[in-house]
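Peer 1: Have a look at this one before I ask anything.
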Amino acid sequence: MDVAIHRALGLTDDEADEIIQILGREPNHLELAMYSVMWSEHCSYKSSRLHLRRLPTEGPHVLVGPGENAGVIDVGDGIAAAIRIESHNHPSAIEPYQGAATGVGGILRDIFTMGARPIAIMDPLRFGPLDDPRSRWIAEGVVSGISGYGNSVGVPTVGGETVFAETYKDNPLVNVLCLGVLPTGRLVLGQASGVGNLAILLGSSTGRDGIGGVSVLASAGFADEETDAEKRPSVQVGDPYEEKRLIEACLELLDRGLVVGIQDLGGAGLVCATSETASRGGVGMDVDINQVHRREEGMEPFEVMISESQERMLAIVEPSDREEVMAICARWDIVASEVGRVTDGHDLRILDGWAGEVLAQVPASSLHDSAPLYDRPCAVGAERESMRSHDPAGLPAPSAQELADDLLDLVADTSWVWSQYDHQLFLNTVEGPGGDAVVLRLKHPDTAEDTGRGLALTTDGNHRWCAVDPRAGTALTVAESVMNLACVGARPLALVNCLNFGNPEHPEVMWELSESIDGMAEACRAFEIPVVGGNVSLYNESQGSNIDPTPVVGLLGMVDQLDRRPPGLTLVNGGRLLVLGPETTQLAGSRWAAELRGHRGGELPQLDPVMHTDVAELVRGLVVDGFLEGVHDVSAGGVGVALAELCVSSGIGVKAARIHDHAELFAEGPSRVVACVSPTHLDDVIARAEKAGVPISRIGAAGGDRFWIKDLLDLPLADLIDSWRRRIPEALGAGTTQG
């Protein structure tokens, strides 16, 4: 074997030896290319699979858990919800517009390959600081890519997050979540069955865009702009109009029962779709490379097999249904080619003509589920112990002017991002971007009949917490998601995760990943939430520097009776301001300490799952019963930022007399919400809190045109609103960047 070839393809010497053992011979170049993409970190999870097994994945309503294209939950009334989250971090760092756009396209296919119609997209985004020109260029391109693809394909982008921080300079995180609904009877899995059945390739023609995208981009860090420019051919190019036709064609095929199994072509392209469907079905497959419709001349077999050209699906079809399948595809202007046939045995064979030369022959399962499993060394970083003992409680208290400046620095309006997205498509959106969680009407996918219930979604992550303590920080992130759902009257159903970490070959990064997974597992068990899917994005490093550990959580919830809008981030004149939940003054991991004082140490506030559940249940009941005029969870920025966001979203000031210092104002301890309650409901809310055993603090009232906290700060509301509105638009422009 030519050692240089396998190394150039990203395979180690040990992996190359293992391939020889599997095949009983040396692989040829095509076979090496197939293994290189399927055994890449992105496709095989070879560094994380060992740890992911510790997550709880079962629940009474789970129809499909991890391992398929999307998780599927039974939500009643004969309806299922499919949910998936993915990352497109590395492509977006190289080519922001296309990287983000094709991230949207890929997550949509993950959903409708299960038989579900995509109904909502969420986009948790993280960029470098606003004062960095390259970070601004990436942010503008990413937002344009998401809006350009999502708006055109006709699926609303209903929420997400936008974070700017030094740790993401040159290494943005572009995570995308999609939710779909389907009749439970239409659920289909990505597996092949039935010897003699056909594998039909649907959608766009195959080109050289995206060749080796996952192995080239997602299994290595970034060095510099010149090196990154060389990787641009590995970024896929998307066509949302082709995707829209593909959605409709595939759903019609599924509705008519013409598909035995179906799989999207994303990472690793055709080799992934053919090997995974064959392996899951316990069958073999022959693929005629000449039948793959292409848009470029002279493509080599390995290029055809590993190309990540977008908007493509592989459908397993019985021969008797072939003509009807082709007719439906033609009606939707979708090109369809018979490229494969299901065989007995277990080998994936690549042929040069049905009766021609065998170009490659490998066990399908060896590509799909026999990739190396690494137990990489884990070690606590040398600086972490000193961080823990370096608590921000010792920082000097700010003056009144410093405190006012700090608050202004911590507020920013992210509507520049989400105002570019159409979030009202399908007219399902009850609560859209800008609040604690999204709420969508749950309609039956067959009849569009309103069930009177709602689905709620939130995405959350906090790199500051996880930089201090990845285990506790991840548990706190899950808890925040639970509280966000409670603020819109929803109970949690299922969780998906996107685990964004640095180089797994660094022991401290593997320790962070392992600890984060344990924190997520502990929180999910405590809150009885199954993890139904996820994604691991590693090698998020640039110029030798790893990003802070950033697990992102996507949580799906149910609103059992959707007869009113949730109160949202609203104040009313004369409303009483309450903090529901335990008091805290710990500043470790807070935005105030990390962003404004450069202090990343200390010990995070402890999560009490029982107390957190009690607070969430209390808040959910108060929202459902209409006892709150406004509500906002306390998280990033503490009570101070929660109050400020309530003020700027409603145009009403506050007077608070019972917040005593900067620690009470900016601490980010869990299990707390700020609530605005009308005087007529105040006694009822207090009584319900006391009955639930939930601490309650009366901190002031809403009204006037100032943000006033006794003995701490006094700001004109107009100044707060002006600072909130200007920061992001002034940095990023009018939002019209197009790639």
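Note on naming: chains are A, B, ... as they come in the structure tokens, residues start from 1 per chain, ligands start from 1 in the order shown.
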Can you tell me, as a VMD selection string, which residues in region 264-513 of chain A count as strand (DSSP E) by DSSP?

Peer 2: chain A and resid 264 284 to 288 312 to 317 336 to 343 347 to 352 357 to 363 429 to 431 438 to 443 450 to 460 491 to 500

Peer 1: Give me, as a PDB file with all heavy atoms, in the first residue's frame, all polymer residues having an atom no more than 6 Å from Leu555 (chain A), counting only C-alpha atoms and skipping those fewer than 2 positions away in the same chain.

Peer 2:
```
ATOM      1  N   LEU A 457     -40.081  24.962  21.253  1.00  0.00           N
ATOM      2  CA  LEU A 457     -38.680  24.681  20.934  1.00  0.00           C
ATOM      3  C   LEU A 457     -37.778  25.732  21.567  1.00  0.00           C
ATOM      4  O   LEU A 457     -38.118  26.920  21.580  1.00  0.00           O
ATOM      5  CB  LEU A 457     -38.447  24.716  19.419  1.00  0.00           C
ATOM      6  CG  LEU A 457     -38.733  23.485  18.572  1.00  0.00           C
ATOM      7  CD1 LEU A 457     -38.557  23.841  17.104  1.00  0.00           C
ATOM      8  CD2 LEU A 457     -37.825  22.334  18.952  1.00  0.00           C
ATOM      9  N   THR A 458     -36.626  25.280  22.040  1.00  0.00           N
ATOM     10  CA  THR A 458     -35.596  26.209  22.479  1.00  0.00           C
ATOM     11  C   THR A 458     -34.232  25.613  22.180  1.00  0.00           C
ATOM     12  O   THR A 458     -34.064  24.389  22.173  1.00  0.00           O
ATOM     13  CB  THR A 458     -35.718  26.519  23.984  1.00  0.00           C
ATOM     14  OG1 THR A 458     -34.701  27.452  24.366  1.00  0.00           O
ATOM     15  CG2 THR A 458     -35.576  25.265  24.828  1.00  0.00           C
ATOM     16  N   LEU A 495     -34.799  15.683  23.841  1.00  0.00           N
ATOM     17  CA  LEU A 495     -33.645  16.565  23.668  1.00  0.00           C
ATOM     18  C   LEU A 495     -32.751  16.057  22.552  1.00  0.00           C
ATOM     19  O   LEU A 495     -32.565  14.852  22.386  1.00  0.00           O
ATOM     20  CB  LEU A 495     -32.870  16.642  24.987  1.00  0.00           C
ATOM     21  CG  LEU A 495     -31.613  17.515  25.068  1.00  0.00           C
ATOM     22  CD1 LEU A 495     -31.505  18.129  26.465  1.00  0.00           C
ATOM     23  CD2 LEU A 495     -30.353  16.712  24.769  1.00  0.00           C
TER      24      LEU A 495
END
```

Peer 1: CA of Glu512 (chain A) to CA of Gln586 (chain A): how many Å, to one decimal?

Peer 2: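 Taking CA of Glu512 (chain A) as the start and CA of Gln586 (chain A) as the end point, the length is 22.3 Å.
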
Peer 1: Find the residues near Asn69 (chain A): any atom within 9 Å, counting only C-alpha atoms, skip ones fewer than 3 places away on the same chain, and give them as a PDB file with C-alpha atoms, in the first residue's frame.

Peer 2:
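File written: part08.pdb
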```
ATOM      1  CA  PRO A  66     -30.112   7.997  18.050  1.00  0.00           C
ATOM      2  CA  ARG A  84     -32.524  16.775  14.452  1.00  0.00           C
ATOM      3  CA  ARG A 109     -33.248  16.307   4.333  1.00  0.00           C
ATOM      4  CA  ASP A 110     -32.576  14.609   7.665  1.00  0.00           C
ATOM      5  CA  ILE A 111     -36.181  15.393   8.577  1.00  0.00           C
ATOM      6  CA  THR A 113     -36.125  11.343   4.932  1.00  0.00           C
ATOM      7  CA  MET A 114     -38.074  10.118   8.004  1.00  0.00           C
ATOM      8  CA  LEU A 189     -36.297   4.346   8.113  1.00  0.00           C
ATOM      9  CA  GLY A 190     -33.051   4.662   6.196  1.00  0.00           C
ATOM     10  CA  GLN A 263     -31.667   8.081   2.952  1.00  0.00           C
ATOM     11  CA  ASP A 264     -30.370  11.566   2.283  1.00  0.00           C
ATOM     12  CA  GLY A 533     -30.239  12.354  18.593  1.00  0.00           C
TER      13      GLY A 533
END
```

Peer 1: Can you list, as a PyMOL selection string, every residue of region 32-228 of chain A that DSSP puts in helix (DSSP H, G or I)?

Peer 2: chain A and resi 32-38+41-44+49-52+89-94+96-112+133-153+166-168+184-186+213-217+225-228

Peer 1: Smallest atom-to-atom distance to Arg134 (chain A): which of A:Ile94, A:Val417, A:Leu717, A:Ala687, using only C-alpha atoms?

Peer 2: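 The shortest atom-to-atom distance to Arg134 (chain A) comes from A:Ile94.
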
Peer 1: Show me, as a PDB file with C-alpha atoms, in the first residue's frame, the residues that have an atom within 8 Å of His444 (chain A) when counting only C-alpha atoms, minus same-chain residues fewer than 3 positions from it.

Peer 2:
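Output (out32.pdb):
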```
ATOM      1  CA  ASP A  77     -53.453  12.280  17.828  1.00  0.00           C
ATOM      2  CA  ILE A  79     -48.897  12.576  14.926  1.00  0.00           C
ATOM      3  CA  LEU A 182     -45.664  13.334  10.145  1.00  0.00           C
ATOM      4  CA  PRO A 183     -48.541  10.895  10.510  1.00  0.00           C
ATOM      5  CA  THR A 447     -55.562  17.470   7.226  1.00  0.00           C
ATOM      6  CA  ALA A 448     -53.946  20.677   8.604  1.00  0.00           C
ATOM      7  CA  GLU A 449     -56.572  20.464  11.355  1.00  0.00           C
ATOM      8  CA  ASP A 450     -55.544  22.331  14.508  1.00  0.00           C
ATOM      9  CA  THR A 451     -55.212  19.982  17.484  1.00  0.00           C
TER      10      THR A 451
END
```

Peer 1: Rank A:Pro96, A:Pro398, A:Pro319, A:Pro172 by their smallest atom-to-atom distance to Pro129 (chain A), using only C-alpha atoms, and report the top residue only.

Peer 2: A:Pro172

Peer 1: Between CA of Asn197 (chain A) and CA of Val317 (chain A), what is the distance, to one decimal in Å?

Peer 2: 5.7 Å

Peer 1: To one decimal place, how far is CA of Ala718 (chain A) from CA of Asp409 (chain A) in Å?

Peer 2: 14.9 Å
